[in-house]
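Have a look at the structure below, then the notes.
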Amino acid sequence: MSDINPNDSAPADDGEEKDWAAAKAFFDNLKTKTPRPPKPRYAVTIAVSSRTLFNMMAERKIYEEEGLEKYVAHQVEHENEPLKPGPAFPFVKALMNVNSRLRELYPDSEELFDIVLMTNNHAQVGVRLINSINYYDLTIERFCMTGGKSPTGYLKAYMTNLYLSKDSEKVTEAIEEGIAAATMFMQETDKENELSNTQLRVAFDGDAVLFSDESEIIVKKHGLDTFFEHEKEFENKPLAQGPLKCFLESLGKLQRKFYAKNERMNCPIRTFLVTARSAASSGARVLKTLRSWGLEIDEALFLAGAPKGPLLQKIKPHIFFDDQMFHIDGAKELGTISAHVPYGIGQKYHKGKLIEQPAKKE
Amino acid sequence: MVSTIQNTDVKQKDAARAAVVAVTSRAVFDCGAGDGDDVCGVGVAFPLLQALQRVNERLLEENPAESLLFDVVLITTSSQQQQQSSRISSSTRHYGLEVSRFCFSSEEDFIESLLTNGVQLFLTTDRNEATQASQSGVLSALLDQQIAFSPPEQLRVMFCGDAIVQPDTGPTPVSRQVAQSFSTQLGEMRQRFGMFNSPLSIVLVTSRGGRESCGGALQKLRSRGVSVDEAYCLAGAPQGPIVSLLRPHFLLSEGFRNLEE
């Protein structure tokens with residue numbers, strides 16, 4: 001019995017088992033040998049929006065300038081033209097590769113990545129999305145096309161472990177509901193890095209991504225010196241968890257399945273911590289926290305405040321998560337696919353200065 | 001003995017063009033055991049009736065001469081309900097519900113009423129009634145308690161790409177013809193409105209198959225003139241949580257089994 005979704009404590013009911021058995025029978029009988037999607041309870045579910053999976057910038061422009069009706073009509077008119085890949089596309093391909101490796105080693109396991117298309121596009125636009133998924137032969141068998149409604153409720157219903165969207169409002173809503181989520185950006189294409197097609201590489205910032213923003217609050221309010229003293233004093237006290245800690249945990253569980261089959265040297269998942277902390281003064285607490293959680297990270301890179309961009313260029317992750325737009329921008333400029341996690345005190349600051357908050361719209 | 005009474009408060013619909021929907025009075029009102037002339041309480045299908053009414057209002061706003069409207073019939077299906085006929089009609093008037101006709105029938109002759117009144121869709125909270133109607137060739141849908149929470153502002157009709165979402169209402173499936181013609185009418189009604197702010201939303205759910213199934217169902221419905229608004233492909237994921245979020249007013253699965261083929 002897997003514990004990939006430890007928060008899902010409700011036992012499987014008869015209805016759920018029935019739904020699952022029927023789908024299993026359906027896929028097993030297909031002539032095309034499409035791999036059957038995993039049971040959500042055991043899978044690591046990644047929900048991607050249509051604009052992160054595909055490049056819809058031109059279409060988005062039509063929506064913004066000419067309105068919904070023209071946008072839908074345009075999509076329908078062009079529905080047999082596949083869309084170009086979007087920022088989450090390489091990540092999705094890398095997930096599919098991990099699944100193939102997992103299926104080879106564990107043919108009967110449901111502990112796989114499950115990729116769900118979660119879009120608030122109208123179902124008529126969905127036809128083009130499905131055609132595009134077919135064109136690239138992506139293994140996406142589950143989707144929600146909500147026709148304008150918020151996806152948050154559906155994210156929970158699909159037991160989503162990570163949600164990627166271009167809409168920061170939806171991402172913020174998801175995080176507030178306890179779902180790991182990040183806003184993706186198209187990287188500047190002329191500096192595109194060549195990404196591995198045999199290994200999924202995921203890079204995380206530390207504070208306010210894997211860990212809570214408690215330490216960042218100290219930096220912002222009391223400065224770096226206080227921060228260093230504090231971190232040394234509390235070196236042995238684990239930090240509280242951040243929004244992406246559970247996602248790292250699920251990656252770790254899948255990694256251990258490869259280790260169990262002697263595939264550590266050839267593991268198709270590699271994780272990186274890329275933090276502005278310095279190893280000497282504040283790094284220990286981070287490593288000890290991870291250890292106390294029973295989590296491993298493959299490479300921990302302490303930058304001591306140096307820019308993250310050049311290092312990420314060398315790492316070439318399929319996705320890099322950070323809570324500060326300053327770092328996201330730096331990463332993007334050098335071709336790294338970045339995802340902003342809108343969490344914690346970092347949202348109120350830009351380059352160290354407090355942002356003037358506009359009066360909240362009622 | 002059946003008595004069919006027109007509701008004189010409401011303008012009658014064009015029989016040739018309207019979509020005749022019959023709902024059991026037991027689903028719409030909670031008349032309790034008491035007699036007398038008290039107005040009945042609202043039942044689970046009350047928001048559904050309001051939603052049907054809202055579609056009609058919006059259709060007439062778009063075109064005051066519109067004849068493709070919902071023609072709502074309130075039907076009793078037991079002698080006990082039949083005896084409450086005056087409370088049912090007065091409650092209907094009290095709430096200002098747009099019901100064109102009342103069919104006061106009993107368990108023996110309600111099927112006959114459905115047929116003579118040209119009912120295209122029969123909605124009930126009673127599984128046996130739905131089964132009987134299906135077997136007689138009337139498209140039926142079973143209403144469950146959840147619909148009490150479905151919004152009255154928008155009629156939400158859910159098509160099930162496979163028959164699992166709603167349990168079978170009987171061994172003899174309704175003929176494709178009947179199911180298709182109703183869905184075509186719905187599709188035509190939907191076309192009267194734009195993408196945004198429509199009083200009618202058509203939702204497709206496939207629970208077993210993957211994207212090919214759902215994609216195929218989308219195209220098939222489109223070819224029948226039904227433009228789906230929302231689509232959910234579950235591929236074995238648990239339906240319960242999704243369906244409770246979708247808040248459909250009714251689910252059509254009978255006769256739609258062929259959608260995935």
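Identifiers in the structure tokens: chain A, B, ... in order shown; residue index from 1 per chain; ligand index from 1 in order shown.
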
Using only C-alpha atoms, which chain B residues lie at most 7 Å away from chain A, written as a list of chain:residue names? B:Met195, B:Arg208, B:Gly209, B:Gly210, B:Arg211, B:Gly215, B:Val228, B:Asp229, B:Glu230, B:Ala231, B:Tyr232, B:Cys233, B:Leu234, B:Ala235, B:Gly236, B:Ala237, B:Pro238, B:Pro241, B:Ile242

When you look at stretch 227-244 of chain A with a cut-off of 10 Å (counting only C-alpha atoms), what residues show up, excluding the ones that are within fewer than 2 positions of it in the same chain? I need them as a PyMOL selection string. chain A and resi 161-162+175-176+178-182+204-225+246-249+277-278+280-293+321+341-344

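A straight line drawn from atom CA of A:Met186 to atom CA of A:Asp322 is 15.0 Å long.
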
Using only C-alpha atoms, can you tell me which of A:Gln347, A:Gln313, A:Asn55, A:Ser250 comes closest to A:Leu334?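 Smallest distance to A:Leu334 is found for A:Gln313.
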
Quick one: of A:Thr160, A:Gln324, A:Thr336, A:Ser168, who's nearest to A:Lys348, counting only C-alpha atoms?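 Once distances to A:Lys348 are computed over only C-alpha atoms, the minimum belongs to A:Gln324.
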
Can you pull out every residue within 10 Å of stretch 115-130 of chain B, counting only C-alpha atoms, but drop anything in the same chain fewer than 5 positions away, and send it as a PDB file with C-alpha atoms, in the first residue's frame?
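Heads up, here's the output in around29.pdb:
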ATOM      1  CA  THR B   4     -55.072  16.974 -17.558  1.00  0.00           C
ATOM      2  CA  ALA B  15     -46.715  21.775 -29.098  1.00  0.00           C
ATOM      3  CA  ALA B  16     -44.802  21.134 -32.303  1.00  0.00           C
ATOM      4  CA  ALA B  18     -41.457  22.982 -27.502  1.00  0.00           C
ATOM      5  CA  ALA B  19     -39.401  20.506 -25.481  1.00  0.00           C
ATOM      6  CA  VAL B  20     -41.945  18.858 -23.205  1.00  0.00           C
ATOM      7  CA  VAL B  21     -40.485  18.017 -19.815  1.00  0.00           C
ATOM      8  CA  ALA B  22     -42.571  16.262 -17.181  1.00  0.00           C
ATOM      9  CA  VAL B  23     -41.535  16.371 -13.535  1.00  0.00           C
ATOM     10  CA  THR B  24     -43.270  14.485 -10.756  1.00  0.00           C
ATOM     11  CA  SER B  25     -45.031  16.685  -8.261  1.00  0.00           C
ATOM     12  CA  ARG B  26     -43.417  14.703  -5.482  1.00  0.00           C
ATOM     13  CA  ALA B  27     -40.029  15.913  -6.691  1.00  0.00           C
ATOM     14  CA  VAL B  28     -41.084  19.548  -6.930  1.00  0.00           C
ATOM     15  CA  VAL B  44     -35.520  18.812  -4.375  1.00  0.00           C
ATOM     16  CA  ALA B  45     -36.505  19.613  -7.954  1.00  0.00           C
ATOM     17  CA  ASP B  71     -42.953  23.099 -21.850  1.00  0.00           C
ATOM     18  CA  VAL B  72     -43.151  21.967 -18.237  1.00  0.00           C
ATOM     19  CA  VAL B  73     -45.763  19.487 -17.101  1.00  0.00           C
ATOM     20  CA  LEU B  74     -46.284  18.595 -13.467  1.00  0.00           C
ATOM     21  CA  ILE B  75     -47.390  14.988 -13.136  1.00  0.00           C
ATOM     22  CA  THR B  77     -47.766   9.298 -10.224  1.00  0.00           C
ATOM     23  CA  ARG B 101     -50.172  21.653 -17.558  1.00  0.00           C
ATOM     24  CA  CYS B 103     -51.484  15.657 -15.237  1.00  0.00           C
ATOM     25  CA  GLU B 107     -49.506   4.750 -10.543  1.00  0.00           C
ATOM     26  CA  PHE B 110     -49.146   7.962 -15.441  1.00  0.00           C
ATOM     27  CA  GLN B 135     -39.385   0.715 -20.881  1.00  0.00           C
ATOM     28  CA  SER B 136     -42.333   2.423 -22.494  1.00  0.00           C
ATOM     29  CA  GLY B 137     -40.058   4.460 -24.697  1.00  0.00           C
ATOM     30  CA  VAL B 138     -39.979   7.749 -22.769  1.00  0.00           C
ATOM     31  CA  LEU B 139     -36.542   9.274 -22.110  1.00  0.00           C
ATOM     32  CA  SER B 140     -36.173   9.407 -18.335  1.00  0.00           C
ATOM     33  CA  ALA B 141     -33.709  10.648 -15.801  1.00  0.00           C
ATOM     34  CA  LEU B 142     -33.558   9.875 -12.122  1.00  0.00           C
ATOM     35  CA  LEU B 143     -33.202  12.959  -9.912  1.00  0.00           C
ATOM     36  CA  ASP B 144     -31.168  12.570  -6.765  1.00  0.00           C
ATOM     37  CA  GLN B 145     -31.074  14.571  -3.556  1.00  0.00           C
ATOM     38  CA  PRO B 167     -27.284   3.467 -12.753  1.00  0.00           C
ATOM     39  CA  ASP B 168     -29.373   1.788 -15.419  1.00  0.00           C
ATOM     40  CA  THR B 169     -32.988   2.767 -15.337  1.00  0.00           C
ATOM     41  CA  GLY B 170     -34.046  -0.491 -16.941  1.00  0.00           C
ATOM     42  CA  VAL B 178     -35.856   9.720 -28.717  1.00  0.00           C
ATOM     43  CA  ALA B 179     -32.636  10.516 -26.913  1.00  0.00           C
ATOM     44  CA  SER B 181     -34.027  14.326 -30.779  1.00  0.00           C
ATOM     45  CA  PHE B 182     -34.146  15.696 -27.241  1.00  0.00           C
ATOM     46  CA  PHE B 250     -30.105  16.011 -14.441  1.00  0.00           C
ATOM     47  CA  LEU B 252     -28.708  11.849 -19.435  1.00  0.00           C
TER      48      LEU B 252
END

Mind checking which residues fall within 8 Å of stretch 151-158 of chain B, counting only C-alpha atoms, ignoring those fewer than 2 positions away in the same chain, and posting them as number ranges by chain? B: 47-52, 54-55, 149, 160, 198-205, 247-252

Wanna dump the stretch 198-284 of chain A-stretch 94-97 of chain A contacts at 8 Å for me, each residue with its shortest atom pair and the distance in Å to one decimal, counting only C-alpha atoms, ordered by chain and number, as a tab-separated table?
residue	atom	partner	partner_atom	distance
A:Thr198	CA	A:Asn97	CA	6.8
A:Gln199	CA	A:Ala94	CA	6.6
A:Leu200	CA	A:Ala94	CA	5.1
A:Pro268	CA	A:Asn97	CA	7.9

How about saving the chosen residues, all heavy atoms kept, as an mmCIF file, in the first residue's frame?
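Output contents, as saved in again03.cif:
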data_model
loop_
_atom_site.group_PDB
_atom_site.id
_atom_site.type_symbol
_atom_site.label_atom_id
_atom_site.label_comp_id
_atom_site.auth_asym_id
_atom_site.auth_seq_id
_atom_site.Cartn_x
_atom_site.Cartn_y
_atom_site.Cartn_z
ATOM 1 N N THR A 198 16.609 11.894 -20.830
ATOM 2 C CA THR A 198 16.628 10.620 -20.114
ATOM 3 C C THR A 198 16.440 10.804 -18.614
ATOM 4 O O THR A 198 16.243 9.839 -17.884
ATOM 5 C CB THR A 198 17.962 9.873 -20.329
ATOM 6 O OG1 THR A 198 19.011 10.803 -20.026
ATOM 7 C CG2 THR A 198 18.093 9.401 -21.771
ATOM 8 N N GLN A 199 16.516 12.049 -18.165
ATOM 9 C CA GLN A 199 16.417 12.280 -16.728
ATOM 10 C C GLN A 199 15.588 13.519 -16.421
ATOM 11 O O GLN A 199 15.860 14.598 -16.956
ATOM 12 C CB GLN A 199 17.820 12.440 -16.136
ATOM 13 C CG GLN A 199 17.825 12.543 -14.611
ATOM 14 C CD GLN A 199 19.231 12.751 -14.082
ATOM 15 O OE1 GLN A 199 19.858 13.764 -14.360
ATOM 16 N NE2 GLN A 199 19.707 11.804 -13.305
ATOM 17 N N LEU A 200 14.603 13.356 -15.561
ATOM 18 C CA LEU A 200 13.809 14.492 -15.088
ATOM 19 C C LEU A 200 14.634 15.260 -14.059
ATOM 20 O O LEU A 200 15.086 14.674 -13.072
ATOM 21 C CB LEU A 200 12.520 13.982 -14.420
ATOM 22 C CG LEU A 200 11.707 15.004 -13.609
ATOM 23 C CD1 LEU A 200 11.075 16.044 -14.535
ATOM 24 C CD2 LEU A 200 10.624 14.300 -12.794
ATOM 25 N N PRO A 268 16.277 8.102 -13.271
ATOM 26 C CA PRO A 268 15.784 9.128 -14.193
ATOM 27 C C PRO A 268 15.149 10.335 -13.511
ATOM 28 O O PRO A 268 14.465 11.110 -14.166
ATOM 29 C CB PRO A 268 14.727 8.367 -15.005
ATOM 30 C CG PRO A 268 14.204 7.354 -14.060
ATOM 31 C CD PRO A 268 15.339 6.969 -13.163
#

So how far away is atom CA of B:Leu221 from atom CA of B:Thr206, in Å?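 Atom CA of B:Thr206 sits 13.0 Å away from atom CA of B:Leu221.
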
Run DSSP on the backbone and tell me which residues of stretch 28-118 of chain A come out as alpha helix (DSSP H); list them as a VMD selection string. chain A and resid 28 50 to 53 57 to 66 68 to 77 89 to 105

Grab the atom CA of B:Asp14 to atom CA of B:Phe102 distance for me, in Å with one decimal place. 16.5 Å

Using only C-alpha atoms, pick whichever of B:Lys220, B:Tyr95, B:Ser89, B:Gln132 has the shortest atom-to-atom distance to B:Glu108.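 Of the candidates, the smallest distance to B:Glu108 is held by B:Gln132.
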